[in-house]
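See structure below.
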Amino acid sequence: MILASINHKGGTGKTVIAQNLAVCYAITGSKVCIVDADPSQNSMRWFDARGEKEPRIPVFSNSNHRTIRRTVEDLYSNEGYDTIIIDSPPSLEKIAGEIISLSHLVLIPISPTGGNDIWSTEQIAEEIERISEEKGQRIPASFVINRLQPNLKVHQMFIEALREHSRVYNINILETMLHLRTAYGMANLYGQGVYEQDDPKAAAEMVNLSNEVLQIFEQL
Ligand SMILES: Nc1ncnc2c1ncn2[C@@H]1O[C@H](COP(=O)(O)OP(=O)(O)OP(=O)(O)O)[C@@H](O)[C@H]1O
Ligand SMILES: [Mg+2]
């Protein structure tokens, strides 16, 4: 399974979701790696912070739109990785198009903060449509709500607005929503996933997310 964690909007949780899914799948025995396509190299730093901790999750850096496809396909077809998660940069440059085009499933992390977060989904959704047309095949994509604070009125209104976009663009919203929790920041800092932190609610929602994504992939 080749997964993209992508949104040109910055700070929505692309990196944290890539890392946490990688930990969940690695713990269940998959051979997993992350391809860090962001020149700011946050997943590479996470790998350094992880050190010798098991399970090992290699992170390969490639932010070149001309070679990323070859890197990912080589890892998938020749190096035996069964799960590859691409941590994408916050941009809609050519690299984003390549990542969308080569992935089996595109995850779009989104923070329910306000209008800009909704409006930016239009651009990424249109890019997915454009690349799907180019490829002659619909590229499956899902929104992942992250940093949710369910009691905030603005978050409830945001989800309603996103449901409308979801219908228009035929991009579903994953049932599992990730909440705002310090465990995500801590795990991110120490080269871990929340599954490896002491926060059962965070661990449970990440396991749910990893299962939901896997189910979607298996039904493709
Ligand atoms: N659910 C969450 N709860 C608390 N903190 C979170 C959560 N998700 C992400 N964060 C924190 O928010 C910050 C931004 O997350 P992250 O780096 O994953 O976003 P990004 O989309 O990859 O950003 P960029 O566009 O800069 O690559 C990080 O410091 C991360 O630890
Ligand atoms: Mg990032």
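Within each chain, counting starts at residue 1; across the structure tokens, chains are named A, B, ... in the order shown, with ligands numbered 1 upward in that order.
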Residues within 10 Å of segment 172-189 of chain A, only C-alpha atoms, excluding chain neighbours under 2 positions, as a PyMOL selection string: chain A and resi 13+15-17+19-20+42-43+45-47+49-50+107-109+111+140-150+159+162-163+165-167+169-170+191-213+216
Picked from segment 46-126 of chain A by DSSP as strand (DSSP E), as a ChimeraX atom specification: /A:59-61,83-87,105-110
Residues from the last selection, all heavy atoms, saved as a tab-separated table (two decimals), in the first residue's frame:
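selection.tsv written:
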chain	number	residue	atom	x	y	z
A	59	VAL	N	13.36	5.90	7.10
A	59	VAL	CA	12.84	7.09	6.44
A	59	VAL	C	13.80	7.46	5.32
A	59	VAL	O	15.00	7.60	5.56
A	59	VAL	CB	12.68	8.27	7.43
A	59	VAL	CG1	12.13	9.50	6.70
A	59	VAL	CG2	11.76	7.90	8.59
A	60	PHE	N	13.28	7.55	4.11
A	60	PHE	CA	14.09	7.91	2.95
A	60	PHE	C	13.69	9.31	2.51
A	60	PHE	O	12.50	9.62	2.43
A	60	PHE	CB	13.87	6.92	1.80
A	60	PHE	CG	14.17	5.50	2.19
A	60	PHE	CD1	13.16	4.64	2.61
A	60	PHE	CD2	15.48	5.02	2.17
A	60	PHE	CE1	13.43	3.33	2.98
A	60	PHE	CE2	15.77	3.71	2.54
A	60	PHE	CZ	14.74	2.86	2.94
A	61	SER	N	14.68	10.11	2.20
A	61	SER	CA	14.39	11.48	1.82
A	61	SER	C	14.44	11.63	0.30
A	61	SER	O	15.42	11.23	-0.33
A	61	SER	CB	15.45	12.37	2.48
A	61	SER	OG	15.36	13.66	1.97
A	83	THR	N	4.30	-1.37	2.95
A	83	THR	CA	3.58	-0.13	3.24
A	83	THR	C	4.56	1.04	3.15
A	83	THR	O	5.57	1.06	3.85
A	83	THR	CB	2.96	-0.17	4.66
A	83	THR	OG1	2.18	-1.36	4.78
A	83	THR	CG2	2.10	1.04	4.93
A	84	ILE	N	4.23	1.97	2.27
A	84	ILE	CA	5.07	3.15	2.11
A	84	ILE	C	4.19	4.37	2.33
A	84	ILE	O	3.11	4.49	1.73
A	84	ILE	CB	5.70	3.20	0.71
A	84	ILE	CG1	6.60	1.96	0.51
A	84	ILE	CG2	6.50	4.50	0.51
A	84	ILE	CD1	7.20	1.84	-0.87
A	85	ILE	N	4.64	5.23	3.23
A	85	ILE	CA	3.84	6.42	3.54
A	85	ILE	C	4.66	7.65	3.15
A	85	ILE	O	5.81	7.79	3.57
A	85	ILE	CB	3.45	6.45	5.03
A	85	ILE	CG1	2.78	5.11	5.40
A	85	ILE	CG2	2.53	7.63	5.31
A	85	ILE	CD1	2.50	4.92	6.86
A	86	ILE	N	4.07	8.47	2.31
A	86	ILE	CA	4.80	9.64	1.81
A	86	ILE	C	4.37	10.87	2.62
A	86	ILE	O	3.19	11.24	2.64
A	86	ILE	CB	4.53	9.87	0.31
A	86	ILE	CG1	4.82	8.58	-0.48
A	86	ILE	CG2	5.39	11.03	-0.21
A	86	ILE	CD1	4.39	8.63	-1.94
A	87	ASP	N	5.34	11.44	3.30
A	87	ASP	CA	5.12	12.67	4.06
A	87	ASP	C	5.39	13.83	3.10
A	87	ASP	O	6.53	14.06	2.70
A	87	ASP	CB	6.07	12.70	5.27
A	87	ASP	CG	5.92	13.97	6.08
A	87	ASP	OD1	4.95	14.71	5.87
A	87	ASP	OD2	6.81	14.21	6.94
A	105	LEU	N	-3.68	5.50	-2.31
A	105	LEU	CA	-4.70	6.19	-1.52
A	105	LEU	C	-4.09	7.49	-1.00
A	105	LEU	O	-2.97	7.49	-0.49
A	105	LEU	CB	-5.12	5.27	-0.36
A	105	LEU	CG	-6.15	5.76	0.63
A	105	LEU	CD1	-7.46	6.10	-0.06
A	105	LEU	CD2	-6.42	4.68	1.68
A	106	VAL	N	-4.86	8.56	-1.13
A	106	VAL	CA	-4.38	9.88	-0.72
A	106	VAL	C	-5.13	10.30	0.55
A	106	VAL	O	-6.36	10.33	0.55
A	106	VAL	CB	-4.63	10.91	-1.85
A	106	VAL	CG1	-4.33	12.32	-1.38
A	106	VAL	CG2	-3.80	10.56	-3.08
A	107	LEU	N	-4.39	10.58	1.60
A	107	LEU	CA	-4.99	11.07	2.84
A	107	LEU	C	-4.73	12.57	2.93
A	107	LEU	O	-3.59	13.02	2.75
A	107	LEU	CB	-4.38	10.37	4.05
A	107	LEU	CG	-4.55	8.85	4.09
A	107	LEU	CD1	-3.85	8.28	5.32
A	107	LEU	CD2	-6.03	8.47	4.08
A	108	ILE	N	-5.78	13.32	3.23
A	108	ILE	CA	-5.64	14.78	3.32
A	108	ILE	C	-5.93	15.21	4.75
A	108	ILE	O	-7.08	15.42	5.13
A	108	ILE	CB	-6.63	15.47	2.35
A	108	ILE	CG1	-6.49	14.90	0.94
A	108	ILE	CG2	-6.40	16.98	2.35
A	108	ILE	CD1	-7.65	15.28	0.00
A	109	PRO	N	-4.89	15.31	5.57
A	109	PRO	CA	-5.09	15.78	6.94
A	109	PRO	C	-5.57	17.23	6.92
A	109	PRO	O	-5.08	18.04	6.13
A	109	PRO	CB	-3.69	15.70	7.57
A	109	PRO	CG	-2.94	14.74	6.71
A	109	PRO	CD	-3.48	14.95	5.33
A	110	ILE	N	-6.51	17.51	7.79
A	110	ILE	CA	-7.10	18.85	7.79
A	110	ILE	C	-7.43	19.25	9.23
A	110	ILE	O	-7.92	18.43	10.00
A	110	ILE	CB	-8.31	18.88	6.83
A	110	ILE	CG1	-9.06	20.18	6.87
A	110	ILE	CG2	-9.26	17.74	6.98
A	110	ILE	CD1	-9.97	20.33	5.66
Å distance separating atom CA of Lys135 of chain A from atom CA of Lys14 of chain A, one decimal place: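 Separation between atom CA of Lys135 of chain A and atom CA of Lys14 of chain A: 24.2 Å.
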Expected answer as a ChimeraX atom specification: helix (DSSP H, G or I) residues in segment 53-107 of chain A: /A:68-77,94-102
Go ahead and write the selection's residues with N, CA and C atoms as an mmCIF file, in the first residue's frame.
data_model
loop_
_atom_site.group_PDB
_atom_site.id
_atom_site.type_symbol
_atom_site.label_atom_id
_atom_site.label_comp_id
_atom_site.auth_asym_id
_atom_site.auth_seq_id
_atom_site.Cartn_x
_atom_site.Cartn_y
_atom_site.Cartn_z
ATOM 1 N N ILE A 68 11.037 11.049 -7.504
ATOM 2 C CA ILE A 68 10.312 10.450 -6.366
ATOM 3 C C ILE A 68 9.555 9.182 -6.770
ATOM 4 N N ARG A 69 8.999 9.186 -7.974
ATOM 5 C CA ARG A 69 8.264 7.992 -8.407
ATOM 6 C C ARG A 69 9.190 6.776 -8.438
ATOM 7 N N ARG A 70 10.377 6.976 -8.999
ATOM 8 C CA ARG A 70 11.322 5.862 -9.099
ATOM 9 C C ARG A 70 11.706 5.361 -7.689
ATOM 10 N N THR A 71 11.953 6.297 -6.797
ATOM 11 C CA THR A 71 12.321 5.923 -5.414
ATOM 12 C C THR A 71 11.216 5.079 -4.780
ATOM 13 N N VAL A 72 9.993 5.565 -4.882
ATOM 14 C CA VAL A 72 8.885 4.870 -4.206
ATOM 15 C C VAL A 72 8.630 3.511 -4.873
ATOM 16 N N GLU A 73 8.617 3.491 -6.194
ATOM 17 C CA GLU A 73 8.337 2.219 -6.879
ATOM 18 C C GLU A 73 9.442 1.195 -6.629
ATOM 19 N N ASP A 74 10.660 1.678 -6.511
ATOM 20 C CA ASP A 74 11.772 0.772 -6.208
ATOM 21 C C ASP A 74 11.620 0.189 -4.789
ATOM 22 N N LEU A 75 11.257 1.020 -3.842
ATOM 23 C CA LEU A 75 11.067 0.524 -2.465
ATOM 24 C C LEU A 75 9.936 -0.503 -2.431
ATOM 25 N N TYR A 76 8.887 -0.225 -3.214
ATOM 26 C CA TYR A 76 7.695 -1.077 -3.194
ATOM 27 C C TYR A 76 7.928 -2.390 -3.950
ATOM 28 N N SER A 77 8.523 -2.288 -5.124
ATOM 29 C CA SER A 77 8.618 -3.483 -5.979
ATOM 30 C C SER A 77 9.904 -4.270 -5.746
ATOM 31 N N LYS A 94 5.013 20.614 -8.506
ATOM 32 C CA LYS A 94 4.991 19.369 -9.283
ATOM 33 C C LYS A 94 5.117 18.131 -8.412
ATOM 34 N N ILE A 95 5.883 18.242 -7.346
ATOM 35 C CA ILE A 95 6.091 17.076 -6.473
ATOM 36 C C ILE A 95 4.744 16.579 -5.918
ATOM 37 N N ALA A 96 3.835 17.505 -5.627
ATOM 38 C CA ALA A 96 2.521 17.112 -5.087
ATOM 39 C C ALA A 96 1.777 16.279 -6.123
ATOM 40 N N GLY A 97 1.834 16.712 -7.371
ATOM 41 C CA GLY A 97 1.165 15.982 -8.448
ATOM 42 C C GLY A 97 1.738 14.578 -8.596
ATOM 43 N N GLU A 98 3.033 14.471 -8.513
ATOM 44 C CA GLU A 98 3.670 13.163 -8.636
ATOM 45 C C GLU A 98 3.243 12.245 -7.487
ATOM 46 N N ILE A 99 3.225 12.799 -6.284
ATOM 47 C CA ILE A 99 2.861 11.997 -5.101
ATOM 48 C C ILE A 99 1.414 11.497 -5.235
ATOM 49 N N ILE A 100 0.517 12.400 -5.633
ATOM 50 C CA ILE A 100 -0.891 12.001 -5.790
ATOM 51 C C ILE A 100 -0.994 10.901 -6.844
ATOM 52 N N SER A 101 -0.287 11.100 -7.932
ATOM 53 C CA SER A 101 -0.399 10.174 -9.053
ATOM 54 C C SER A 101 0.140 8.770 -8.739
ATOM 55 N N LEU A 102 1.164 8.677 -7.897
ATOM 56 C CA LEU A 102 1.772 7.357 -7.665
ATOM 57 C C LEU A 102 1.194 6.638 -6.442
#
Best match for closeness to ligand 1 among A:Ser30, A:Asp36, A:Ile2, A:Gly80, counting only C-alpha atoms and all ligand atoms: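 Ranking A:Ser30, A:Asp36, A:Ile2, A:Gly80 by distance to ligand 1, first place goes to A:Asp36.
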Straight-line distance linking atom 12 (O, counted along the ligand's line) of ligand 1 with atom CA of Asp38 of chain A, stated in Å to one decimal: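 Atom-to-atom, atom 12 (O, counted along the ligand's line) of ligand 1 and atom CA of Asp38 of chain A are spaced 15.6 Å apart.
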Pairwise distance for atom CA of Thr12 of chain A and atom CA of Cys24 of chain A, rounded to one decimal in Å: 19.8 Å
Residue neighbourhood Gly115 of chain A, 10 Å, only C-alpha atoms, exclusion window fewer than 4 positions, as an NGL selection string: :A and (119-120 or 154 or 158 or 161)
Export of the given selection (C-alpha atoms) as a compact mmCIF listing (two decimals), in the first residue's frame:
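What follows is the written file result-v5.txt:
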# COMPACT_ATOMS: atom_id res chain seq x y z
CA TRP A 119 -11.11 26.79 1.11
CA SER A 120 -7.72 25.18 0.70
CA VAL A 154 -16.35 26.39 15.18
CA PHE A 158 -16.31 23.24 10.11
CA ALA A 161 -18.96 22.64 5.80
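Checking A:Ser40, A:Ile118, A:Ala125, A:His104 one by one against Glu218 of chain A, counting only C-alpha atoms, you find the shortest gap at A:His104.
Distances to ligand 2 were evaluated for A:Met1, A:Val23, A:Leu214, A:Met44 using only C-alpha atoms and all ligand atoms, and the minimum falls at A:Met44.
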Nearest to Ile131 of chain A by atom-to-atom distance, counting only C-alpha atoms, from A:Ser103, A:Ser91, A:Asn151, A:Ser5: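 Closest candidate: A:Ser103.
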Best match for closeness to ligand 1 among A:Pro58, A:Pro39, A:Gly51, A:Pro90, counting only C-alpha atoms and all ligand atoms: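 The shortest atom-to-atom distance to ligand 1 comes from A:Pro90.
Restricting the calculation to only C-alpha atoms, the smallest distance between Leu92 of chain A and any of A:Leu220, A:Ile57, A:Ile6, A:Ile171 is found for A:Ile6.
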